[in-house]
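This is data.txt. It holds compact mmCIF, C-alpha atoms.
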```txt
# COMPACT_ATOMS: atom_id res chain seq x y z
CA MET A 1 98.53 108.92 98.41
CA GLY A 2 97.95 106.65 95.40
CA THR A 3 100.16 105.76 92.47
CA ALA A 4 100.81 108.13 89.61
CA GLU A 5 98.72 106.27 87.08
CA LYS A 6 95.36 104.59 87.50
CA LYS A 7 95.47 101.16 89.08
CA GLY A 8 93.82 98.17 87.46
CA LYS A 9 90.73 96.56 88.91
CA LEU A 10 90.18 93.05 90.22
CA PHE A 11 86.99 91.46 88.92
CA ILE A 12 85.97 88.29 90.71
CA ILE A 13 83.65 86.12 88.65
CA SER A 14 81.91 83.70 90.93
CA GLY A 15 78.79 81.65 91.44
CA PRO A 16 77.59 78.09 91.83
CA SER A 17 79.08 75.30 89.77
CA GLY A 18 77.32 74.87 86.44
CA THR A 19 76.32 78.50 85.97
CA GLY A 20 78.90 79.01 83.23
CA LYS A 21 81.39 81.29 84.98
CA GLY A 22 84.27 79.50 83.26
CA THR A 23 82.80 80.10 79.81
CA ILE A 24 82.25 83.76 80.62
CA CYS A 25 85.84 84.19 81.87
CA LYS A 26 87.25 82.52 78.79
CA ALA A 27 85.29 84.92 76.57
CA LEU A 28 86.34 87.93 78.66
CA LEU A 29 89.99 87.00 78.17
CA GLU A 30 89.59 86.49 74.43
CA ARG A 31 87.74 89.75 73.90
CA ASN A 32 89.57 92.11 76.28
CA ASP A 33 93.11 93.17 77.12
CA ILE A 34 93.05 91.82 80.67
CA GLU A 35 94.96 89.39 82.85
CA ILE A 36 93.71 86.23 84.49
CA SER A 37 94.75 85.24 87.97
CA ILE A 38 96.59 81.91 88.13
CA SER A 39 96.04 79.71 91.17
CA MET A 40 98.65 77.97 93.26
CA THR A 41 98.07 74.31 94.12
CA THR A 42 99.77 71.45 95.91
CA ARG A 43 98.21 68.80 93.74
CA ALA A 44 100.40 67.07 91.18
CA PRO A 45 100.42 68.48 87.64
CA ARG A 46 98.27 66.55 85.19
CA GLU A 47 99.45 65.77 81.69
CA GLY A 48 99.65 68.91 79.59
CA GLU A 49 99.47 71.30 82.53
CA ILE A 50 102.18 73.94 82.53
CA HIS A 51 103.63 75.58 85.65
CA GLY A 52 102.81 79.30 85.61
CA VAL A 53 100.07 78.86 83.01
CA SER A 54 97.62 76.25 84.29
CA TYR A 55 98.72 76.62 87.91
CA TYR A 56 101.67 77.48 90.06
CA PHE A 57 102.59 74.05 91.42
CA ALA A 58 103.97 74.14 94.95
CA THR A 59 104.82 71.80 97.81
CA ARG A 60 102.64 71.74 100.92
CA GLU A 61 105.53 73.36 102.77
CA GLU A 62 105.75 76.25 100.31
CA PHE A 63 101.98 76.65 100.31
CA GLU A 64 101.72 76.71 104.10
CA LYS A 65 104.56 79.22 104.33
CA THR A 66 102.58 81.54 102.03
CA ILE A 67 99.47 81.03 104.19
CA ALA A 68 101.47 81.95 107.29
CA GLU A 69 102.70 85.13 105.56
CA GLY A 70 99.13 86.15 104.70
CA GLY A 71 100.04 85.76 101.06
CA PHE A 72 96.71 84.53 99.68
CA LEU A 73 93.64 86.43 98.59
CA GLU A 74 91.87 83.18 99.38
CA TYR A 75 92.73 79.52 99.66
CA ALA A 76 91.03 76.24 100.45
CA ASP A 77 91.93 72.68 101.24
CA VAL A 78 90.01 70.48 98.79
CA PHE A 79 90.21 66.76 99.49
CA GLY A 80 93.73 67.13 100.87
CA ASN A 81 95.07 69.44 98.18
CA TYR A 82 95.51 73.17 98.65
CA TYR A 83 94.31 75.66 96.07
CA GLY A 84 94.81 79.39 96.48
CA THR A 85 95.15 82.77 94.80
CA PRO A 86 98.55 84.33 95.51
CA LYS A 87 98.01 87.96 96.44
CA ALA A 88 101.38 89.33 95.31
CA MET A 89 100.95 88.39 91.66
CA VAL A 90 97.48 89.90 91.45
CA VAL A 91 98.50 93.10 93.21
CA GLU A 92 101.56 93.50 90.98
CA LYS A 93 99.39 93.41 87.85
CA LEU A 94 96.87 95.83 89.36
CA GLU A 95 99.68 98.26 90.24
CA GLN A 96 100.79 98.10 86.61
CA GLY A 97 97.31 99.32 85.69
CA ARG A 98 96.18 95.93 84.39
CA ASP A 99 92.69 94.58 85.07
CA VAL A 100 92.68 91.09 86.52
CA VAL A 101 89.90 88.52 86.31
CA LEU A 102 89.61 85.81 88.94
CA GLU A 103 87.22 82.88 88.55
CA ILE A 104 86.44 81.36 91.89
CA ASP A 105 83.76 79.72 94.04
CA VAL A 106 81.50 81.66 96.36
CA GLN A 107 83.41 81.09 99.60
CA GLY A 108 86.68 82.07 97.92
CA ALA A 109 85.14 85.23 96.49
CA ILE A 110 83.92 86.36 99.90
CA ASN A 111 87.34 85.69 101.44
CA ALA A 112 89.11 87.58 98.63
CA LYS A 113 86.84 90.59 99.14
CA LYS A 114 87.84 90.68 102.81
CA VAL A 115 91.54 90.67 101.92
CA TYR A 116 91.16 93.09 98.99
CA PRO A 117 88.02 95.18 99.54
CA GLU A 118 88.37 97.04 96.22
CA SER A 119 87.56 93.76 94.42
CA VAL A 120 84.46 93.89 92.25
CA LEU A 121 82.38 90.78 92.97
CA ILE A 122 80.14 89.49 90.19
CA PHE A 123 77.73 86.65 90.91
CA ILE A 124 76.80 84.49 87.92
CA LEU A 125 73.25 83.17 88.30
CA PRO A 126 71.44 80.47 86.35
CA PRO A 127 68.17 81.58 84.70
CA SER A 128 66.39 79.07 86.96
CA LEU A 129 67.15 76.05 89.13
CA GLU A 130 65.42 73.92 86.56
CA GLU A 131 67.78 75.15 83.87
CA LEU A 132 70.75 74.56 86.18
CA ARG A 133 69.50 71.01 86.73
CA ALA A 134 69.21 70.52 82.97
CA ARG A 135 72.79 71.74 82.47
CA ILE A 136 74.15 69.43 85.16
CA VAL A 137 72.15 66.49 83.82
CA GLY A 138 73.35 67.37 80.32
CA ARG A 139 76.91 66.64 81.33
CA GLY A 140 75.68 63.09 81.91
CA THR A 141 78.27 62.19 84.53
CA GLU A 142 76.35 62.70 87.74
CA THR A 143 73.99 60.43 89.68
CA GLU A 144 70.60 61.73 90.80
CA ASP A 145 71.86 62.12 94.37
CA VAL A 146 74.84 64.16 93.29
CA ILE A 147 72.63 66.37 91.10
CA ASN A 148 70.32 67.07 94.04
CA LEU A 149 73.29 67.79 96.27
CA ARG A 150 74.71 70.24 93.75
CA LEU A 151 71.38 72.04 93.36
CA SER A 152 71.02 72.36 97.13
CA LYS A 153 74.54 73.71 97.33
CA ALA A 154 73.81 76.18 94.51
CA LEU A 155 70.77 77.47 96.39
CA GLU A 156 72.79 77.82 99.57
CA GLU A 157 75.57 79.69 97.75
CA MET A 158 73.03 82.05 96.19
CA SER A 159 72.08 83.22 99.68
CA TYR A 160 75.46 85.00 99.79
CA ILE A 161 74.58 87.23 96.84
CA ASP A 162 74.14 90.24 99.11
CA LYS A 163 77.92 90.20 99.70
CA TYR A 164 78.39 90.82 95.97
CA ASP A 165 78.46 94.03 93.97
CA TYR A 166 76.74 92.76 90.83
CA TYR A 167 74.89 89.78 89.46
CA VAL A 168 74.62 88.52 85.90
CA VAL A 169 71.98 85.99 84.90
CA ASN A 170 73.57 83.61 82.40
CA ASP A 171 70.61 82.72 80.22
CA VAL A 172 71.98 83.54 76.76
CA ILE A 173 75.76 83.38 76.99
CA ASP A 174 76.48 86.31 74.61
CA ASP A 175 74.19 88.52 76.63
CA ALA A 176 75.86 87.47 79.88
CA ILE A 177 79.29 88.31 78.43
CA ILE A 178 78.12 91.75 77.30
CA ARG A 179 76.63 92.47 80.73
CA THR A 180 79.84 91.43 82.46
CA GLU A 181 81.89 93.62 80.13
CA ALA A 182 79.54 96.53 80.81
CA ILE A 183 80.17 96.10 84.55
CA MET A 184 83.92 96.16 83.93
CA LEU A 185 83.70 99.33 81.83
CA ALA A 186 81.28 101.02 84.24
CA GLU A 187 83.51 100.28 87.22
CA HIS A 188 86.31 102.25 85.55
CA GLY A 189 84.04 105.28 85.81
CA ARG A 190 82.97 104.69 89.38
CA VAL A 191 83.55 107.63 91.68
CA ILE A 192 86.10 106.53 94.28
CA ARG A 193 87.29 109.29 96.60
CA ASP A 194 91.06 108.92 96.13
CA ASP A 195 90.80 108.52 92.37
CA VAL A 196 88.62 111.55 91.77
CA GLU A 197 90.74 113.72 94.05
CA THR A 198 93.76 112.92 91.88
CA MET A 199 91.66 113.74 88.81
CA LEU A 200 90.42 117.04 90.23
CA ASP A 201 94.00 118.02 91.07
CA LYS A 202 94.86 117.75 87.38
CA TYR A 203 92.07 120.14 86.43
CA LYS A 204 93.07 122.54 89.21
CA GLU A 205 96.67 122.59 88.01
CA GLU A 206 95.25 123.79 84.72
CA LYS A 207 93.59 126.75 86.39
CA ASN A 208 95.89 129.10 84.51
CA VAL A 209 93.75 128.56 81.40
CA ILE A 210 91.10 130.59 83.20
CA SER A 211 92.97 133.74 84.18
CA ILE A 212 95.32 133.96 81.21
CA SER A 213 93.93 133.83 77.70
CA MET B 1 57.67 94.83 99.64
CA GLY B 2 58.34 96.06 96.08
CA THR B 3 56.34 95.79 92.92
CA ALA B 4 55.87 92.54 91.08
CA GLU B 5 58.16 93.41 88.21
CA LYS B 6 61.52 95.16 88.23
CA LYS B 7 61.37 98.93 88.50
CA GLY B 8 63.12 101.18 86.02
CA LYS B 9 66.14 103.24 86.98
CA LEU B 10 66.65 106.98 87.00
CA PHE B 11 69.92 108.05 85.39
CA ILE B 12 70.87 111.66 85.99
CA ILE B 13 73.33 112.99 83.42
CA SER B 14 74.95 116.06 84.78
CA GLY B 15 78.08 118.19 84.71
CA PRO B 16 79.29 121.68 83.86
CA SER B 17 77.95 123.56 80.88
CA GLY B 18 79.90 122.77 77.71
CA THR B 19 80.87 119.22 78.62
CA GLY B 20 78.42 117.76 76.10
CA LYS B 21 75.83 116.22 78.41
CA GLY B 22 73.06 117.27 76.01
CA THR B 23 74.71 115.49 73.08
CA ILE B 24 75.18 112.36 75.17
CA CYS B 25 71.54 112.36 76.30
CA LYS B 26 70.31 112.83 72.74
CA ALA B 27 72.36 109.82 71.63
CA LEU B 28 71.15 107.72 74.60
CA LEU B 29 67.56 108.40 73.60
CA GLU B 30 68.16 107.55 69.97
CA ARG B 31 70.00 104.32 70.73
CA ASN B 32 68.04 102.93 73.68
CA ASP B 33 64.45 102.21 74.65
CA ILE B 34 64.32 104.74 77.48
CA GLU B 35 62.32 107.77 78.55
CA ILE B 36 63.50 111.31 79.04
CA SER B 37 62.29 113.47 81.88
CA ILE B 38 60.48 116.61 80.74
CA SER B 39 60.90 119.74 82.84
CA MET B 40 58.19 122.08 84.04
CA THR B 41 58.76 125.80 83.59
CA THR B 42 57.00 129.09 84.15
CA ARG B 43 58.70 130.83 81.26
CA ALA B 44 56.67 131.52 78.15
CA PRO B 45 56.82 128.96 75.33
CA ARG B 46 59.11 129.92 72.47
CA GLU B 47 58.16 129.40 68.86
CA GLY B 48 58.03 125.71 67.99
CA GLU B 49 58.04 124.51 71.61
CA ILE B 50 55.29 122.02 72.39
CA HIS B 51 53.66 121.57 75.81
CA GLY B 52 54.44 118.09 77.12
CA VAL B 53 57.32 117.61 74.69
CA SER B 54 59.73 120.53 75.10
CA TYR B 55 58.44 121.46 78.55
CA TYR B 56 55.37 121.38 80.69
CA PHE B 57 54.41 125.05 80.73
CA ALA B 58 52.84 126.22 83.98
CA THR B 59 51.84 129.39 85.77
CA ARG B 60 53.87 130.56 88.78
CA GLU B 61 50.86 129.68 90.93
CA GLU B 62 50.75 126.10 89.64
CA PHE B 63 54.51 125.76 90.00
CA GLU B 64 54.56 127.06 93.57
CA LYS B 65 51.67 124.77 94.50
CA THR B 66 53.76 121.81 93.28
CA ILE B 67 56.75 123.06 95.29
CA ALA B 68 54.58 123.28 98.41
CA GLU B 69 53.41 119.69 97.85
CA GLY B 70 57.02 118.47 97.59
CA GLY B 71 56.30 117.53 94.01
CA PHE B 72 59.70 118.24 92.48
CA LEU B 73 62.81 116.10 92.29
CA GLU B 74 64.57 119.43 91.98
CA TYR B 75 63.74 122.95 90.89
CA ALA B 76 65.45 126.30 90.55
CA ASP B 77 64.54 129.90 89.98
CA VAL B 78 66.61 131.09 87.01
CA PHE B 79 66.41 134.83 86.35
CA GLY B 80 62.82 134.96 87.58
CA ASN B 81 61.60 131.81 85.81
CA TYR B 82 61.09 128.51 87.55
CA TYR B 83 62.40 125.28 86.09
CA GLY B 84 61.85 121.92 87.75
CA THR B 85 61.56 118.17 87.37
CA PRO B 86 58.11 116.93 88.40
CA LYS B 87 58.56 113.87 90.57
CA ALA B 88 55.23 112.16 89.83
CA MET B 89 55.86 111.75 86.12
CA VAL B 90 59.32 110.30 86.65
CA VAL B 91 58.18 107.92 89.36
CA GLU B 92 55.24 106.73 87.26
CA LYS B 93 57.58 105.72 84.42
CA LEU B 94 59.99 104.02 86.82
CA GLU B 95 57.12 102.03 88.34
CA GLN B 96 56.20 100.89 84.84
CA GLY B 97 59.72 99.45 84.58
CA ARG B 98 60.95 102.18 82.25
CA ASP B 99 64.41 103.71 82.60
CA VAL B 100 64.37 107.49 82.72
CA VAL B 101 67.19 109.85 81.76
CA LEU B 102 67.35 113.31 83.26
CA GLU B 103 69.80 115.94 81.99
CA ILE B 104 70.41 118.55 84.62
CA ASP B 105 72.98 120.89 86.20
CA VAL B 106 75.10 119.90 89.18
CA GLN B 107 73.03 121.56 91.90
CA GLY B 108 69.85 120.01 90.50
CA ALA B 109 71.42 116.56 90.36
CA ILE B 110 72.45 116.72 94.00
CA ASN B 111 68.96 117.85 95.02
CA ALA B 112 67.32 115.09 92.97
CA LYS B 113 69.53 112.48 94.63
CA LYS B 114 68.32 113.67 98.04
CA VAL B 115 64.69 113.33 97.02
CA TYR B 116 65.20 110.03 95.14
CA PRO B 117 68.30 108.31 96.56
CA GLU B 118 68.10 105.39 94.11
CA SER B 119 69.04 107.84 91.31
CA VAL B 120 72.24 106.99 89.51
CA LEU B 121 74.31 110.16 89.18
CA ILE B 122 76.71 110.40 86.24
CA PHE B 123 79.10 113.34 86.04
CA ILE B 124 80.22 114.31 82.53
CA LEU B 125 83.76 115.71 82.61
CA PRO B 126 85.70 117.56 79.92
CA PRO B 127 89.04 115.97 78.97
CA SER B 128 90.74 119.13 80.29
CA LEU B 129 89.87 122.71 81.20
CA GLU B 130 91.78 123.82 78.13
CA GLU B 131 89.55 121.68 75.93
CA LEU B 132 86.46 123.03 77.73
CA ARG B 133 87.72 126.56 77.05
CA ALA B 134 88.21 125.68 73.39
CA ARG B 135 84.66 124.33 73.16
CA ILE B 136 83.18 127.44 74.77
CA VAL B 137 85.28 129.72 72.59
CA GLY B 138 84.27 127.64 69.58
CA ARG B 139 80.66 128.64 70.06
CA GLY B 140 81.89 132.17 69.40
CA THR B 141 79.18 133.92 71.38
CA GLU B 142 80.93 134.61 74.67
CA THR B 143 83.20 137.43 75.82
CA GLU B 144 86.51 136.63 77.50
CA ASP B 145 85.06 137.54 80.91
CA VAL B 146 82.11 135.23 80.45
CA ILE B 147 84.41 132.41 79.32
CA ASN B 148 86.55 132.79 82.43
CA LEU B 149 83.45 132.91 84.60
CA ARG B 150 82.15 129.71 83.04
CA LEU B 151 85.48 127.92 83.48
CA SER B 152 85.64 128.96 87.14
CA LYS B 153 82.08 127.74 87.62
CA ALA B 154 82.93 124.43 85.91
CA LEU B 155 85.84 123.92 88.27
CA GLU B 156 83.66 124.71 91.27
CA GLU B 157 80.96 122.30 90.08
CA MET B 158 83.57 119.57 89.59
CA SER B 159 84.31 119.71 93.32
CA TYR B 160 80.90 118.05 93.86
CA ILE B 161 81.93 114.94 91.94
CA ASP B 162 82.22 112.91 95.16
CA LYS B 163 78.43 113.13 95.49
CA TYR B 164 78.14 111.23 92.21
CA ASP B 165 78.13 107.52 91.47
CA TYR B 166 80.04 107.61 88.18
CA TYR B 167 81.99 109.93 85.95
CA VAL B 168 82.47 109.85 82.19
CA VAL B 169 85.18 111.89 80.50
CA ASN B 170 83.76 113.22 77.25
CA ASP B 171 86.83 113.29 75.05
CA VAL B 172 85.65 111.29 72.04
CA ILE B 173 81.84 111.47 72.00
CA ASP B 174 81.23 107.89 70.78
CA ASP B 175 83.39 106.55 73.58
CA ALA B 176 81.55 108.69 76.14
CA ILE B 177 78.20 107.35 74.90
CA ILE B 178 79.40 103.74 75.13
CA ARG B 179 80.69 104.30 78.66
CA THR B 180 77.41 105.87 79.73
CA GLU B 181 75.46 102.97 78.24
CA ALA B 182 77.75 100.51 80.03
CA ILE B 183 76.92 102.23 83.33
CA MET B 184 73.21 101.92 82.58
CA LEU B 185 73.52 98.23 81.75
CA ALA B 186 75.78 97.51 84.72
CA GLU B 187 73.40 99.24 87.14
CA HIS B 188 70.69 96.77 86.12
CA GLY B 189 72.89 94.05 87.57
CA ARG B 190 73.78 95.90 90.74
CA VAL B 191 73.04 93.94 93.90
CA ILE B 192 70.37 95.85 95.81
CA ARG B 193 69.05 94.07 98.87
CA ASP B 194 65.30 94.22 98.13
CA ASP B 195 65.77 93.27 94.47
CA VAL B 196 67.96 90.24 95.10
CA GLU B 197 65.70 88.99 97.89
CA THR B 198 62.82 88.94 95.43
CA MET B 199 65.05 87.12 92.96
CA LEU B 200 66.18 84.55 95.51
CA ASP B 201 62.56 83.89 96.46
CA LYS B 202 61.90 82.82 92.88
CA TYR B 203 64.72 80.28 92.98
CA LYS B 204 63.56 79.02 96.37
CA GLU B 205 60.02 78.51 95.07
CA GLU B 206 61.59 76.23 92.52
CA LYS B 207 63.11 74.05 95.18
CA ASN B 208 60.89 71.16 94.13
CA VAL B 209 63.23 70.59 91.18
CA ILE B 210 65.74 69.37 93.71
CA SER B 211 63.79 66.73 95.66
CA ILE B 212 61.56 65.45 92.86
CA SER B 213 63.14 64.37 89.62
```
What do you get writing this file as structure tokens?
Amino acid sequence: MGTAEKKGKLFIISGPSGTGKGTICKALLERNDIEISISMTTRAPREGEIHGVSYYFATREEFEKTIAEGGFLEYADVFGNYYGTPKAMVVEKLEQGRDVVLEIDVQGAINAKKVYPESVLIFILPPSLEELRARIVGRGTETEDVINLRLSKALEEMSYIDKYDYYVVNDVIDDAIIRTEAIMLAEHGRVIRDDVETMLDKYKEEKNVISIS
Amino acid sequence: MGTAEKKGKLFIISGPSGTGKGTICKALLERNDIEISISMTTRAPREGEIHGVSYYFATREEFEKTIAEGGFLEYADVFGNYYGTPKAMVVEKLEQGRDVVLEIDVQGAINAKKVYPESVLIFILPPSLEELRARIVGRGTETEDVINLRLSKALEEMSYIDKYDYYVVNDVIDDAIIRTEAIMLAEHGRVIRDDVETMLDKYKEEKNVISIS
């Protein structure tokens, strides 16, 4: 089984809010020839948002039909609006041999791994809780209660790290980007039974180079 | 359990003869702050070889005593001379947090993985058998029969690739080095239960940054 050419890989960049996963994903896209997964949502487009670029905008009816068909890698209902990752579009790109990056929260990442077990899950960690606090406070928009709530949630989300394949501590952003890129490159050399069997077949077909000369 | 600081990792660079694993290891050592594992042997030192640098030279009695004590990651008897990788010296470096690179043949790599399962096994592949033939022929020292024998052996060794963690195709050497380094960097971010539990404990100890402010 397996397609003729090597399939792309799905890299899921995840972690608590404030750890910088968005910044890392943006850099990955700028620096590498990869695709980003675009979410589907039922919320109304905001000014400047473009259908098919920012999001796929859908009605609740369309969204729920896709849920019923098992068409999401993951989805969630957030304050009455659905957000989800349509499976078909991701799989299509992977089949074309394209790597896809998906930025998502911890619960979504774990769900996506269940639906697509070949996903590579990367957990972005803050260097410390104190530093995470400083980053949240730095945004200047949150009350003390909300900050504490977000830190507690971050700590709770971190307890799911054992469901992940890799972690990257985002202390110095350039270093975190390099480490994430190293994971992506390394994963292309990971020994996966089906892949290496296809590879070995190619060498075996060449066996004539041994007997003839 | 576990030591206070992060342990180093053992990277075993392996593959058929002629695939360039020696060249890759040499470059890894030049470009990175890592240790190389030095073999023990019972063969006589050749001119210019230094004890503790080229090899640890030992008597057959000493070598067999170490075998009996289970002191080798792997060893082999090659035309009446023993060659082996002393476990204690590798483990000592790993405990000090140093990464160790071990260049070794396929059978040795598989044995070492049994003794030290945390080893990261990297299989160096030729771009094709034809290219491997060209490289062997290029050395100009082998008869046609020996070349064919070596190619058959290479193909047989490749069938063990599913025991490995990663593979690197050595087509362009600089690319192969970069891919091997990416694997080494990525493995430092791999989620391993004991390691991440220790990490999470550090964040949890910080929990006071949540309630106080």
Chain A residues within 6 Å of chain B, counting only C-alpha atoms: which ones, as a ChimeraX atom specification?
-> /A:148,165-167,182-183,186,189-191,210
Near Gln107 of chain B, counting all atoms listed in the file, which residues have an atom at most 9 Å away, once you skip same-chain residues fewer than 6 positions from it, shown as a ChimeraX atom specification?
-> /B:74,157,160
Restricted to C-alpha atoms, what would the selected residues look like written as an mmCIF file, in the coordinates of the input?
```cif
data_model
loop_
_atom_site.group_PDB
_atom_site.id
_atom_site.type_symbol
_atom_site.label_atom_id
_atom_site.label_comp_id
_atom_site.auth_asym_id
_atom_site.auth_seq_id
_atom_site.Cartn_x
_atom_site.Cartn_y
_atom_site.Cartn_z
ATOM 1 C CA GLU B 74 64.570 119.430 91.980
ATOM 2 C CA GLU B 157 80.960 122.300 90.080
ATOM 3 C CA TYR B 160 80.900 118.050 93.860
#
```
Got a sec: who's within 12 Å of segment 78-80 of chain A, counting only C-alpha atoms, leaving out chain neighbours fewer than 6 positions off, as a PyMOL selection string?
-> chain A and resi 41-44+60
Atoms to include: C-alpha atoms. Write the selected residues as a PDB file, in the frame of the given file.
```pdb
ATOM      1  CA  THR A  41      98.070  74.310  94.120  1.00  0.00           C
ATOM      2  CA  THR A  42      99.770  71.450  95.910  1.00  0.00           C
ATOM      3  CA  ARG A  43      98.210  68.800  93.740  1.00  0.00           C
ATOM      4  CA  ALA A  44     100.400  67.070  91.180  1.00  0.00           C
ATOM      5  CA  ARG A  60     102.640  71.740 100.920  1.00  0.00           C
TER       6      ARG A  60
END
```
Centre, edges in Å (one decimal): axis-aligned box, segment 185-198 of chain A, 8 Å padding on all six sides, as lines of an AutoDock Vina configuration file:
```
center_x = 87.5
center_y = 106.5
center_z = 89.2
size_x = 28.5
size_y = 30.4
size_z = 30.8
```
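Counting all atoms listed in the file, the residue from B:Thr141, B:Ser17, B:Ser39, B:Ser54 that sits nearest to Met89 of chain B is B:Ser39.
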Can you work out the spacing between atom CA of Tyr55 of chain A and atom CA of Val120 of chain A in Å, to one decimal?
->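 One can read the atom CA of Tyr55 of chain A to atom CA of Val120 of chain A distance as 22.8 Å.
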Shell of 12 Å around Leu102 of chain B, only C-alpha atoms, local chain residues under 5 positions omitted, as a ChimeraX atom specification | /B:9-15,21-22,24-26,28-29,34-39,73-74,84-87,89-90,108-109,112-113,119-122
